[in-house]
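Report on the following structure.
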Amino acid sequence: MKSAHLAAYPALRLRRLRQADWVRRLVRESVLTPADLIWSMVVHEGEGEVPVGSMPGVSRLSVKDCAKAAVEARRLGIPAIAVFPHIDGAKKDATGSLAHDPNGLVATAVKAMKDAAPEVGIMCDVALDPFTDHGHDGLIENGRILNDPTIETLVRQGIMQAEAGADILAPSDMMDGRCGALRQALESGGLQDVMIMSYAAKYASAFYGPYREAIGSGKLGTGSVDNPGDKKTYQMDFANSDEALREVALDIAEGADMVMVKPGMPYLDIVQRVVETFAMPTFAFQVSGEYAMIKAATQNGWLDEERAILESLGAFKRAGAAGVITYFAPVAARLMGA
Ligand code: PBG
């Protein structure tokens with residue numbers, strides 16, 4: 001019997017559609033699949049694996065193991081791999097000369113992966129930081145990062161990557177005008193099918209910390225005039241959102257085929273605005289620090305690993321992203337049953 005003080009039952013019961021797994025699946029608004037993942041992978045020149053201390057579960061892989069990983073990506077249904085080189089400190093210099101070496105680590109790794117699994121897309125970072133002894137993404141003169149001379153080097157690097165077989169060039173340097181310069185060079189070099197996914201809205205972020213260990217780029221941070229300790233003169237201020245739309249608009253106008261927001265989780269508002277404004281394939285990079293945070297908590301038993309990984313990745317799909325660049329890619333694909 002209905003008691004008087006409960007007379008007003010809810011007219012709408014949203015819980016009705018949550019009562020069982022089958023109906024939750026039926027009304028689900030976004031779905032994450034292995035096809036949404038780009039596997040972020042670190043390659044080194046030596047043999048075997050070198051674990052990255054600040055990223056438990058991630059190792060620098062040899063070229064041979066990268067090729068095997070490409071075969072594994074194909075098996076797991078992961079469409080693409082983003083490859084990041086760890087370069088020996090002794091081989092770095094102020095101008096990042098090895099960035100465009102056609103016989104260097106990146107070219108070798110790309111060729112090995114494309115030979116092993118041609119069906120898997122290979123994406124290369126166009127940026128100097130793995131190759132410069134100061135760890136910056138640009139050439140430096142009198143304590144300033146030079147824009148246009150840096151672009152000339154980036155174009156040589158991008159063309160080298162494309163000629164080695166890279167399918168997607170991902171300029172991550174944040175110099176003005178680099179997408180247009182790359183696009184022109186690709187067109188005039190007969191490489192018109194090579195795609196550009198620009199790191200369009202890339203923020204100067206604390207969350208890239210573990211990546212510097214991963215690629216052996218540890219010197220940034222001395223804070224001296226000729227070696228500024230941060231990337232704030234070229235990467236974006238985390239307080240800004242409208243500016244991200246201007247960055248994305250420029251990169252699209254210059255010829256980017258896809259755009260990226262980076263970091264990922266703390267920037268879901270930017271992902272959503274970019275998707276809604278441009279209706280372009282928009283990706284988010286779940287960066288090294290996000291990976292490290294989740295791993296640190298799960299290793300302590302503070303979070304459930306499986307649920308934390310899938311929820312963090314699913315959030316990008318809910319925000320409208322076409323996909324996610326993540327170090328969790330193979331683990332996540334297996335969790336999804338691949
Ligand atoms: C290079 C680059 C960085 C990352 C990807 N490409 C570091 C930076 O811009 O300082 C970060 C990746 C990560 O943290 O996982 N420009």
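As shown in the structure tokens, the chain order sets the letters A, B, ...; within each chain, residues go from 1, and ligands are also counted from 1 in the order they appear.
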
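Around range 276-282 of chain A, within 6 Å and counting only C-alpha atoms, the residues found are Met258, Val259, Met260, Ala321 and Ala322 of chain A, once anything fewer than 6 positions away on its own chain is removed.
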
How would the residues just chosen look if you wrote them out with N, CA and C atoms as a PDB file, in the first residue's frame?
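For reference, out36.pdb as written:
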```
ATOM      1  N   MET A 258      44.036  15.428 -40.542  1.00  0.00           N
ATOM      2  CA  MET A 258      43.480  15.058 -39.236  1.00  0.00           C
ATOM      3  C   MET A 258      44.148  15.970 -38.217  1.00  0.00           C
ATOM      4  N   VAL A 259      43.477  16.190 -37.106  1.00  0.00           N
ATOM      5  CA  VAL A 259      44.072  17.054 -36.089  1.00  0.00           C
ATOM      6  C   VAL A 259      44.081  16.344 -34.738  1.00  0.00           C
ATOM      7  N   MET A 260      44.944  16.835 -33.871  1.00  0.00           N
ATOM      8  CA  MET A 260      45.108  16.199 -32.572  1.00  0.00           C
ATOM      9  C   MET A 260      45.100  17.234 -31.455  1.00  0.00           C
ATOM     10  N   ALA A 321      36.018  12.169 -30.065  1.00  0.00           N
ATOM     11  CA  ALA A 321      37.271  11.895 -30.764  1.00  0.00           C
ATOM     12  C   ALA A 321      37.110  10.721 -31.724  1.00  0.00           C
ATOM     13  N   ALA A 322      37.868  10.807 -32.838  1.00  0.00           N
ATOM     14  CA  ALA A 322      37.885   9.683 -33.779  1.00  0.00           C
ATOM     15  C   ALA A 322      38.730   8.555 -33.219  1.00  0.00           C
TER      16      ALA A 322
END
```

**Request:** Using only C-alpha atoms and all ligand atoms, determine which residues fall within 6 Å of ligand 1, then list them as an MDAnalysis selection string.
**Result:** chainID A and resid 127 129 137 172:173 208 211 287:288

Emit the selected residues as a compact mmCIF listing (two decimals), in the first residue's frame, including C-alpha atoms.
```txt
# COMPACT_ATOMS: atom_id res chain seq x y z
CA ALA A 127 59.91 17.18 -34.31
CA ASP A 129 63.46 17.02 -29.67
CA ASP A 137 61.79 21.08 -30.75
CA SER A 172 54.46 17.95 -33.00
CA ASP A 173 56.81 20.93 -32.92
CA TYR A 208 55.02 14.87 -20.87
CA TYR A 211 58.19 10.68 -22.23
CA VAL A 287 50.30 11.11 -22.99
CA SER A 288 53.06 9.53 -20.93
```

**Asked** Near Lys111 in chain A, within 9 Å and counting only C-alpha atoms, which residues show up once chain neighbours fewer than 2 positions away are dropped, as number ranges by chain?
**Response** A: 67, 106-109, 113-116, 164-166

**Message:** Env of Leu268 in chain A: 12 Å cut, atoms = only C-alpha atoms, seq-sep filter 2 positions within chain, self excluded. Answer as a PyMOL selection string.
**Reply:** chain A and resi 201+241+260-266+270-275+282-286+312-321+324

How about saving the chosen residues, N, CA and C atoms kept, as a PDB file, in the first residue's frame?
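So again20.pdb came out as:
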```
ATOM      1  N   ALA A 201      46.525  21.406 -31.430  1.00  0.00           N
ATOM      2  CA  ALA A 201      46.384  22.077 -30.134  1.00  0.00           C
ATOM      3  C   ALA A 201      47.224  21.300 -29.137  1.00  0.00           C
ATOM      4  N   SER A 241      41.576  28.266 -24.632  1.00  0.00           N
ATOM      5  CA  SER A 241      40.679  27.373 -25.359  1.00  0.00           C
ATOM      6  C   SER A 241      40.355  27.930 -26.756  1.00  0.00           C
ATOM      7  N   MET A 260      44.944  16.835 -33.871  1.00  0.00           N
ATOM      8  CA  MET A 260      45.108  16.199 -32.572  1.00  0.00           C
ATOM      9  C   MET A 260      45.100  17.234 -31.455  1.00  0.00           C
ATOM     10  N   VAL A 261      44.577  16.801 -30.328  1.00  0.00           N
ATOM     11  CA  VAL A 261      44.646  17.594 -29.102  1.00  0.00           C
ATOM     12  C   VAL A 261      45.536  16.828 -28.136  1.00  0.00           C
ATOM     13  N   LYS A 262      46.416  17.543 -27.459  1.00  0.00           N
ATOM     14  CA  LYS A 262      47.393  16.892 -26.584  1.00  0.00           C
ATOM     15  C   LYS A 262      47.761  17.809 -25.430  1.00  0.00           C
ATOM     16  N   PRO A 263      47.838  17.334 -24.172  1.00  0.00           N
ATOM     17  CA  PRO A 263      47.467  16.009 -23.683  1.00  0.00           C
ATOM     18  C   PRO A 263      45.983  15.667 -23.904  1.00  0.00           C
ATOM     19  N   GLY A 264      45.575  14.530 -23.300  1.00  0.00           N
ATOM     20  CA  GLY A 264      44.230  14.039 -23.526  1.00  0.00           C
ATOM     21  C   GLY A 264      43.262  14.322 -22.405  1.00  0.00           C
ATOM     22  N   MET A 265      43.341  13.530 -21.341  1.00  0.00           N
ATOM     23  CA  MET A 265      42.305  13.583 -20.295  1.00  0.00           C
ATOM     24  C   MET A 265      42.037  14.976 -19.725  1.00  0.00           C
ATOM     25  N   PRO A 266      43.085  15.769 -19.415  1.00  0.00           N
ATOM     26  CA  PRO A 266      42.752  17.088 -18.833  1.00  0.00           C
ATOM     27  C   PRO A 266      42.226  18.076 -19.876  1.00  0.00           C
ATOM     28  N   ILE A 270      38.617  20.663 -24.831  1.00  0.00           N
ATOM     29  CA  ILE A 270      39.186  21.116 -26.113  1.00  0.00           C
ATOM     30  C   ILE A 270      38.821  20.121 -27.217  1.00  0.00           C
ATOM     31  N   VAL A 271      38.917  18.840 -26.906  1.00  0.00           N
ATOM     32  CA  VAL A 271      38.543  17.814 -27.889  1.00  0.00           C
ATOM     33  C   VAL A 271      37.118  18.083 -28.361  1.00  0.00           C
ATOM     34  N   GLN A 272      36.223  18.281 -27.406  1.00  0.00           N
ATOM     35  CA  GLN A 272      34.820  18.470 -27.769  1.00  0.00           C
ATOM     36  C   GLN A 272      34.603  19.733 -28.610  1.00  0.00           C
ATOM     37  N   ARG A 273      35.272  20.816 -28.225  1.00  0.00           N
ATOM     38  CA  ARG A 273      35.101  22.055 -29.005  1.00  0.00           C
ATOM     39  C   ARG A 273      35.632  21.892 -30.422  1.00  0.00           C
ATOM     40  N   VAL A 274      36.772  21.236 -30.548  1.00  0.00           N
ATOM     41  CA  VAL A 274      37.369  21.058 -31.877  1.00  0.00           C
ATOM     42  C   VAL A 274      36.453  20.201 -32.752  1.00  0.00           C
ATOM     43  N   VAL A 275      35.943  19.110 -32.188  1.00  0.00           N
ATOM     44  CA  VAL A 275      35.050  18.233 -32.953  1.00  0.00           C
ATOM     45  C   VAL A 275      33.816  19.017 -33.397  1.00  0.00           C
ATOM     46  N   THR A 282      39.357  14.012 -35.373  1.00  0.00           N
ATOM     47  CA  THR A 282      40.100  14.633 -34.268  1.00  0.00           C
ATOM     48  C   THR A 282      40.574  13.544 -33.307  1.00  0.00           C
ATOM     49  N   PHE A 283      41.844  13.577 -33.008  1.00  0.00           N
ATOM     50  CA  PHE A 283      42.428  12.562 -32.127  1.00  0.00           C
ATOM     51  C   PHE A 283      42.914  13.215 -30.839  1.00  0.00           C
ATOM     52  N   ALA A 284      42.981  12.392 -29.800  1.00  0.00           N
ATOM     53  CA  ALA A 284      43.524  12.867 -28.533  1.00  0.00           C
ATOM     54  C   ALA A 284      44.726  11.998 -28.197  1.00  0.00           C
ATOM     55  N   PHE A 285      45.741  12.602 -27.606  1.00  0.00           N
ATOM     56  CA  PHE A 285      46.924  11.853 -27.184  1.00  0.00           C
ATOM     57  C   PHE A 285      46.855  11.682 -25.673  1.00  0.00           C
ATOM     58  N   GLN A 286      46.651  10.423 -25.251  1.00  0.00           N
ATOM     59  CA  GLN A 286      46.738  10.116 -23.818  1.00  0.00           C
ATOM     60  C   GLN A 286      48.238   9.966 -23.536  1.00  0.00           C
ATOM     61  N   SER A 312      39.051   5.563 -19.136  1.00  0.00           N
ATOM     62  CA  SER A 312      39.817   6.733 -19.598  1.00  0.00           C
ATOM     63  C   SER A 312      39.793   6.813 -21.120  1.00  0.00           C
ATOM     64  N   LEU A 313      39.880   5.673 -21.793  1.00  0.00           N
ATOM     65  CA  LEU A 313      39.871   5.689 -23.263  1.00  0.00           C
ATOM     66  C   LEU A 313      38.456   5.947 -23.801  1.00  0.00           C
ATOM     67  N   GLY A 314      37.472   5.374 -23.135  1.00  0.00           N
ATOM     68  CA  GLY A 314      36.092   5.563 -23.576  1.00  0.00           C
ATOM     69  C   GLY A 314      35.665   7.018 -23.490  1.00  0.00           C
ATOM     70  N   ALA A 315      36.238   7.750 -22.543  1.00  0.00           N
ATOM     71  CA  ALA A 315      35.876   9.164 -22.376  1.00  0.00           C
ATOM     72  C   ALA A 315      36.208   9.974 -23.636  1.00  0.00           C
ATOM     73  N   PHE A 316      37.273   9.584 -24.326  1.00  0.00           N
ATOM     74  CA  PHE A 316      37.635  10.301 -25.558  1.00  0.00           C
ATOM     75  C   PHE A 316      36.582  10.093 -26.644  1.00  0.00           C
ATOM     76  N   LYS A 317      36.065   8.871 -26.712  1.00  0.00           N
ATOM     77  CA  LYS A 317      35.024   8.595 -27.706  1.00  0.00           C
ATOM     78  C   LYS A 317      33.757   9.384 -27.374  1.00  0.00           C
ATOM     79  N   ARG A 318      33.426   9.420 -26.086  1.00  0.00           N
ATOM     80  CA  ARG A 318      32.235  10.172 -25.668  1.00  0.00           C
ATOM     81  C   ARG A 318      32.380  11.644 -26.031  1.00  0.00           C
ATOM     82  N   ALA A 319      33.597  12.179 -25.918  1.00  0.00           N
ATOM     83  CA  ALA A 319      33.844  13.590 -26.241  1.00  0.00           C
ATOM     84  C   ALA A 319      33.809  13.840 -27.746  1.00  0.00           C
ATOM     85  N   GLY A 320      33.817  12.761 -28.529  1.00  0.00           N
ATOM     86  CA  GLY A 320      33.709  12.926 -29.979  1.00  0.00           C
ATOM     87  C   GLY A 320      34.974  12.622 -30.759  1.00  0.00           C
ATOM     88  N   ALA A 321      36.018  12.169 -30.065  1.00  0.00           N
ATOM     89  CA  ALA A 321      37.271  11.895 -30.764  1.00  0.00           C
ATOM     90  C   ALA A 321      37.110  10.721 -31.724  1.00  0.00           C
ATOM     91  N   VAL A 324      42.356   7.558 -30.253  1.00  0.00           N
ATOM     92  CA  VAL A 324      43.268   7.937 -29.173  1.00  0.00           C
ATOM     93  C   VAL A 324      44.656   7.366 -29.435  1.00  0.00           C
TER      94      VAL A 324
END
```

Find the residues near Arg75 in chain A: any atom within 12 Å, counting only C-alpha atoms, skip ones fewer than 5 places away on the same chain, and give them as a CSV table (one decimal) with N, CA and C atoms, in the first residue's frame.
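Result written to out-v7.csv:
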```csv
chain,number,residue,atom,x,y,z
A,34,PRO,N,39.1,-1.6,-30.8
A,34,PRO,CA,40.6,-1.6,-31.1
A,34,PRO,C,40.8,-0.6,-32.3
A,35,ALA,N,39.9,-0.5,-33.2
A,35,ALA,CA,40.1,0.4,-34.3
A,35,ALA,C,40.2,1.9,-34.0
A,68,LYS,N,57.9,-7.0,-34.9
A,68,LYS,CA,57.0,-8.0,-34.3
A,68,LYS,C,55.7,-7.3,-33.7
A,69,ALA,N,55.9,-6.2,-33.1
A,69,ALA,CA,54.8,-5.5,-32.5
A,69,ALA,C,53.8,-5.0,-33.6
A,70,ALA,N,54.3,-4.7,-34.8
A,70,ALA,CA,53.4,-4.3,-35.9
A,70,ALA,C,52.6,-5.5,-36.3
A,80,ALA,N,47.0,1.6,-36.4
A,80,ALA,CA,48.2,2.3,-36.6
A,80,ALA,C,49.1,2.4,-35.4
A,117,ALA,N,54.3,-5.8,-41.6
A,117,ALA,CA,52.8,-5.7,-41.5
A,117,ALA,C,52.4,-4.4,-42.3
A,119,GLU,N,49.8,-3.7,-43.7
A,119,GLU,CA,48.4,-3.2,-43.5
A,119,GLU,C,48.3,-2.3,-42.3
A,120,VAL,N,49.4,-2.1,-41.5
A,120,VAL,CA,49.3,-1.3,-40.3
A,120,VAL,C,49.9,0.1,-40.7
A,330,PRO,N,47.9,-2.0,-26.9
A,330,PRO,CA,47.8,-3.4,-26.9
A,330,PRO,C,47.0,-4.0,-25.8
A,333,ALA,N,43.3,-3.2,-26.2
A,333,ALA,CA,42.7,-4.1,-27.3
A,333,ALA,C,42.4,-5.5,-26.8
A,334,ARG,N,43.4,-6.0,-26.0
A,334,ARG,CA,43.1,-7.3,-25.4
A,334,ARG,C,42.0,-7.3,-24.4
A,337,GLY,N,38.8,-7.8,-25.9
A,337,GLY,CA,38.6,-9.1,-26.4
A,337,GLY,C,39.3,-9.5,-27.7
A,338,ALA,N,40.2,-8.6,-28.1
A,338,ALA,CA,40.9,-8.8,-29.4
A,338,ALA,C,42.0,-9.9,-29.2
```

**Asked** Please, which residues of range 68-208 of chain A, numbered as in this document, come out strand (DSSP E or B) from DSSP, as a ChimeraX atom specification?
**Response** /A:80-86,93,121-126,132,139-141,144-146,168-171,195-203

**Message:** From a backbone DSSP assignment, name each residue in range 181-279 of chain A labelled alpha helix (DSSP H), as a PyMOL selection string.
**Reply:** chain A and resi 181-188+209-214+242-254+268-278

**Prompt:** Which residue out of A:Leu14, A:Ile168, A:Ala204, A:Met175 has the minimum interatomic distance to Leu191 in chain A when only C-alpha atoms are used?
**Reply:**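 Closest to Leu191 in chain A, using only C-alpha atoms: A:Ile168.
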
**Item:** Selection: 8 Å around Ala292 in chain A, only C-alpha atoms, excl. self and same-chain fewer than 2 positions, as a count of residues only
**Value:** 10

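Proximity to Ala239 in chain A at 12 Å, evaluated using only C-alpha atoms and with sequence-adjacent residues fewer than 3 positions away removed, yields Tyr203, Ala204, Ser205, Gln235, Met236, Asp242, Glu243, Ala244, Pro266, Tyr267, Asp269 and Ile270 of chain A.
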
Take the residues that were just selected and, keeping N, CA and C atoms, output them as a compact mmCIF listing (two decimals), in the first residue's frame.
```txt
# COMPACT_ATOMS: atom_id res chain seq x y z
N TYR A 203 49.62 21.58 -25.85
CA TYR A 203 49.84 22.46 -24.71
C TYR A 203 51.20 22.21 -24.06
N ALA A 204 51.79 23.26 -23.50
CA ALA A 204 53.02 23.13 -22.70
C ALA A 204 52.59 22.47 -21.39
N SER A 205 52.93 21.19 -21.24
CA SER A 205 52.29 20.40 -20.20
C SER A 205 53.30 19.67 -19.32
N GLN A 235 54.63 25.90 -27.36
CA GLN A 235 53.44 25.12 -27.02
C GLN A 235 52.45 26.02 -26.28
N MET A 236 51.16 25.61 -26.29
CA MET A 236 50.11 26.52 -25.81
C MET A 236 50.01 26.61 -24.29
N ASP A 242 40.00 29.21 -26.85
CA ASP A 242 39.75 29.84 -28.17
C ASP A 242 40.98 29.72 -29.05
N GLU A 243 42.14 29.88 -28.43
CA GLU A 243 43.40 29.82 -29.20
C GLU A 243 43.57 28.44 -29.84
N ALA A 244 43.08 27.41 -29.18
CA ALA A 244 43.17 26.06 -29.75
C ALA A 244 42.39 26.00 -31.06
N PRO A 266 43.08 15.77 -19.42
CA PRO A 266 42.75 17.09 -18.83
C PRO A 266 42.23 18.08 -19.88
N TYR A 267 42.15 17.65 -21.14
CA TYR A 267 41.79 18.57 -22.23
C TYR A 267 40.58 18.09 -23.03
N ASP A 269 37.62 19.06 -22.84
CA ASP A 269 36.81 20.21 -23.28
C ASP A 269 37.31 20.71 -24.64
N ILE A 270 38.62 20.66 -24.83
CA ILE A 270 39.19 21.12 -26.11
C ILE A 270 38.82 20.12 -27.22
```

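Counting from CA of Asn240 in chain A, the distance to CA of Gly158 in chain A is 28.7 Å.
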
**Request:** Find the residue from A:Thr33, A:Gln161, A:Ser188, A:Asn103 that sits nearest to Ile122 in chain A; use only C-alpha atoms when measuring.
**Result:** A:Gln161

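CA of Leu32 in chain A is found 13.3 Å from CA of Phe328 in chain A.
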